[in-house]
Amino acid sequence: MPTLFLDEHVKAALAPALIAVGIPTLTTHGEDRLGMIDAAHLSHCANLGWVLVTQNRRDFLALHEGWVTWTAEWGVRREHNGILILDQGPGIAALVTAIVPFLASGQPLINRVWNWFDNPPDWQEFIIGGSKKRI
């Protein structure tokens, strides 16, 4: 199971709920990274092999697109370990219920962004310049 890093946009109560079901989970508060910019969080996660979890869809979709585009243009192969973007409305139980089977499914995470939508419950992969892949 990959280690998840919850940015400061994610409900703090999600971390202990994920840890309780066996998913290694860290937070911006626990890692003393409160107030850092999104790019710093993604780079930190990439360096440590963690999957970034956020509820900040707009900013992280743009950041991922820039990451993939810039590394390709510069000829540098730098991978991040995945970004999971969650809807903001659902409670902790719904988020855990979405995350656990998704991680168990073995969907690819490296340099990928997966969006979870609450209504209807659904994971979609963000494809740069293309359609979305549903699972």
# chains A, B, ... in the order shown; residues from 1 in each chain; ligands from 1
>>> closest_atom_pairs(of="stretch 16-87 of chain A", to="stretch 102-125 of chain A", cutoff="7 Å", atoms="only C-alpha atoms", output="Markdown table")
| residue | atom | partner | partner_atom | distance |
| --- | --- | --- | --- | --- |
| A:Glu79 | CA | A:Asn111 | CA | 5.6 |
| A:His80 | CA | A:Asn111 | CA | 5.1 |
| A:Asn81 | CA | A:Ile110 | CA | 4.5 |
| A:Gly82 | CA | A:Leu109 | CA | 4.5 |
| A:Ile83 | CA | A:Val113 | CA | 4.7 |
| A:Leu84 | CA | A:Trp114 | CA | 5.0 |
| A:Ile85 | CA | A:Asn115 | CA | 4.7 |
| A:Leu86 | CA | A:Trp116 | CA | 4.9 |
| A:Asp87 | CA | A:Phe117 | CA | 5.5 |
>>> write_last_selection(atoms="N, CA and C atoms", output="mmCIF file, in the first residue's frame")
data_model
loop_
_atom_site.group_PDB
_atom_site.id
_atom_site.type_symbol
_atom_site.label_atom_id
_atom_site.label_comp_id
_atom_site.auth_asym_id
_atom_site.auth_seq_id
_atom_site.Cartn_x
_atom_site.Cartn_y
_atom_site.Cartn_z
ATOM 1 N N GLU A 79 9.383 11.821 -12.138
ATOM 2 C CA GLU A 79 8.047 11.301 -11.894
ATOM 3 C C GLU A 79 7.544 11.713 -10.515
ATOM 4 N N HIS A 80 6.252 11.961 -10.459
ATOM 5 C CA HIS A 80 5.621 12.045 -9.141
ATOM 6 C C HIS A 80 4.880 10.730 -8.923
ATOM 7 N N ASN A 81 4.489 10.469 -7.714
ATOM 8 C CA ASN A 81 3.952 9.165 -7.349
ATOM 9 C C ASN A 81 2.433 9.089 -7.380
ATOM 10 N N GLY A 82 1.829 10.097 -7.971
ATOM 11 C CA GLY A 82 0.385 10.113 -8.130
ATOM 12 C C GLY A 82 -0.278 11.184 -7.291
ATOM 13 N N ILE A 83 -1.400 11.653 -7.821
ATOM 14 C CA ILE A 83 -2.221 12.638 -7.121
ATOM 15 C C ILE A 83 -3.645 12.096 -7.104
ATOM 16 N N LEU A 84 -4.223 12.033 -5.917
ATOM 17 C CA LEU A 84 -5.628 11.681 -5.766
ATOM 18 C C LEU A 84 -6.367 12.943 -5.361
ATOM 19 N N ILE A 85 -7.393 13.288 -6.131
ATOM 20 C CA ILE A 85 -8.179 14.490 -5.851
ATOM 21 C C ILE A 85 -9.577 14.049 -5.436
ATOM 22 N N LEU A 86 -10.009 14.503 -4.268
ATOM 23 C CA LEU A 86 -11.282 14.091 -3.697
ATOM 24 C C LEU A 86 -12.288 15.231 -3.713
ATOM 25 N N ASP A 87 -13.558 14.901 -3.925
ATOM 26 C CA ASP A 87 -14.617 15.895 -3.759
ATOM 27 C C ASP A 87 -14.604 16.412 -2.327
#
>>> residues_around(residues="A:His29", least_positions_apart="5", cutoff="9 Å", atoms="only C-alpha atoms", output="list in words")
Asp7, Glu8, Ala12 and Leu34 of chain A
>>> write_last_selection(atoms="C-alpha atoms", output="short mmCIF file (atom, residue, chain, number, x, y, z; two decimals), in the first residue's frame")
data_model
loop_
_atom_site.label_atom_id
_atom_site.label_comp_id
_atom_site.auth_asym_id
_atom_site.auth_seq_id
_atom_site.Cartn_x
_atom_site.Cartn_y
_atom_site.Cartn_z
CA ASP A 7 -2.35 18.34 1.95
CA GLU A 8 -3.92 21.03 4.09
CA ALA A 12 -7.63 16.29 9.10
CA LEU A 34 1.61 23.93 6.66
#
>>> select_by_dssp(residues="stretch 50-81 of chain A", states="strand (DSSP E)", output="list in words")
Val51, Leu52, Val53 and Thr54 of chain A
>>> closest_residue(among="A:Ile127, A:Leu95, A:Leu4, A:Leu18", to="A:Val53", atoms="only C-alpha atoms")
A:Leu4
>>> atom_distance(atom1="atom CA of A:Thr3", atom2="atom CA of A:Pro24")
4.8 Å
>>> residues_around(residues="stretch 63-66 of chain A", least_positions_apart="2", cutoff="8 Å", atoms="only C-alpha atoms", output="list in words")
Asp38, Ala39, Asp59, Phe60, Leu61, Val68, Thr69, Trp70, Asn111, Val113 and Ile128 of chain A
>>> write_last_selection(atoms="C-alpha atoms", output="compact mmCIF listing (two decimals), in the first residue's frame")
# COMPACT_ATOMS: atom_id res chain seq x y z
CA ASP A 38 1.34 23.23 -3.82
CA ALA A 39 4.41 22.68 -6.02
CA ASP A 59 -4.67 23.92 -8.71
CA PHE A 60 -3.42 20.33 -8.76
CA LEU A 61 -4.75 19.56 -12.24
CA VAL A 68 4.40 16.47 -17.08
CA THR A 69 4.77 19.08 -19.84
CA TRP A 70 7.84 20.79 -18.39
CA ASN A 111 2.62 10.56 -13.02
CA VAL A 113 -4.03 12.11 -11.46
CA ILE A 128 -3.88 15.80 -20.45
>>> select_by_dssp(residues="chain A", states="helix (DSSP H, G or I)", output="VMD selection string")
chain A and resid 14 to 20 38 to 48 57 to 73 92 to 104
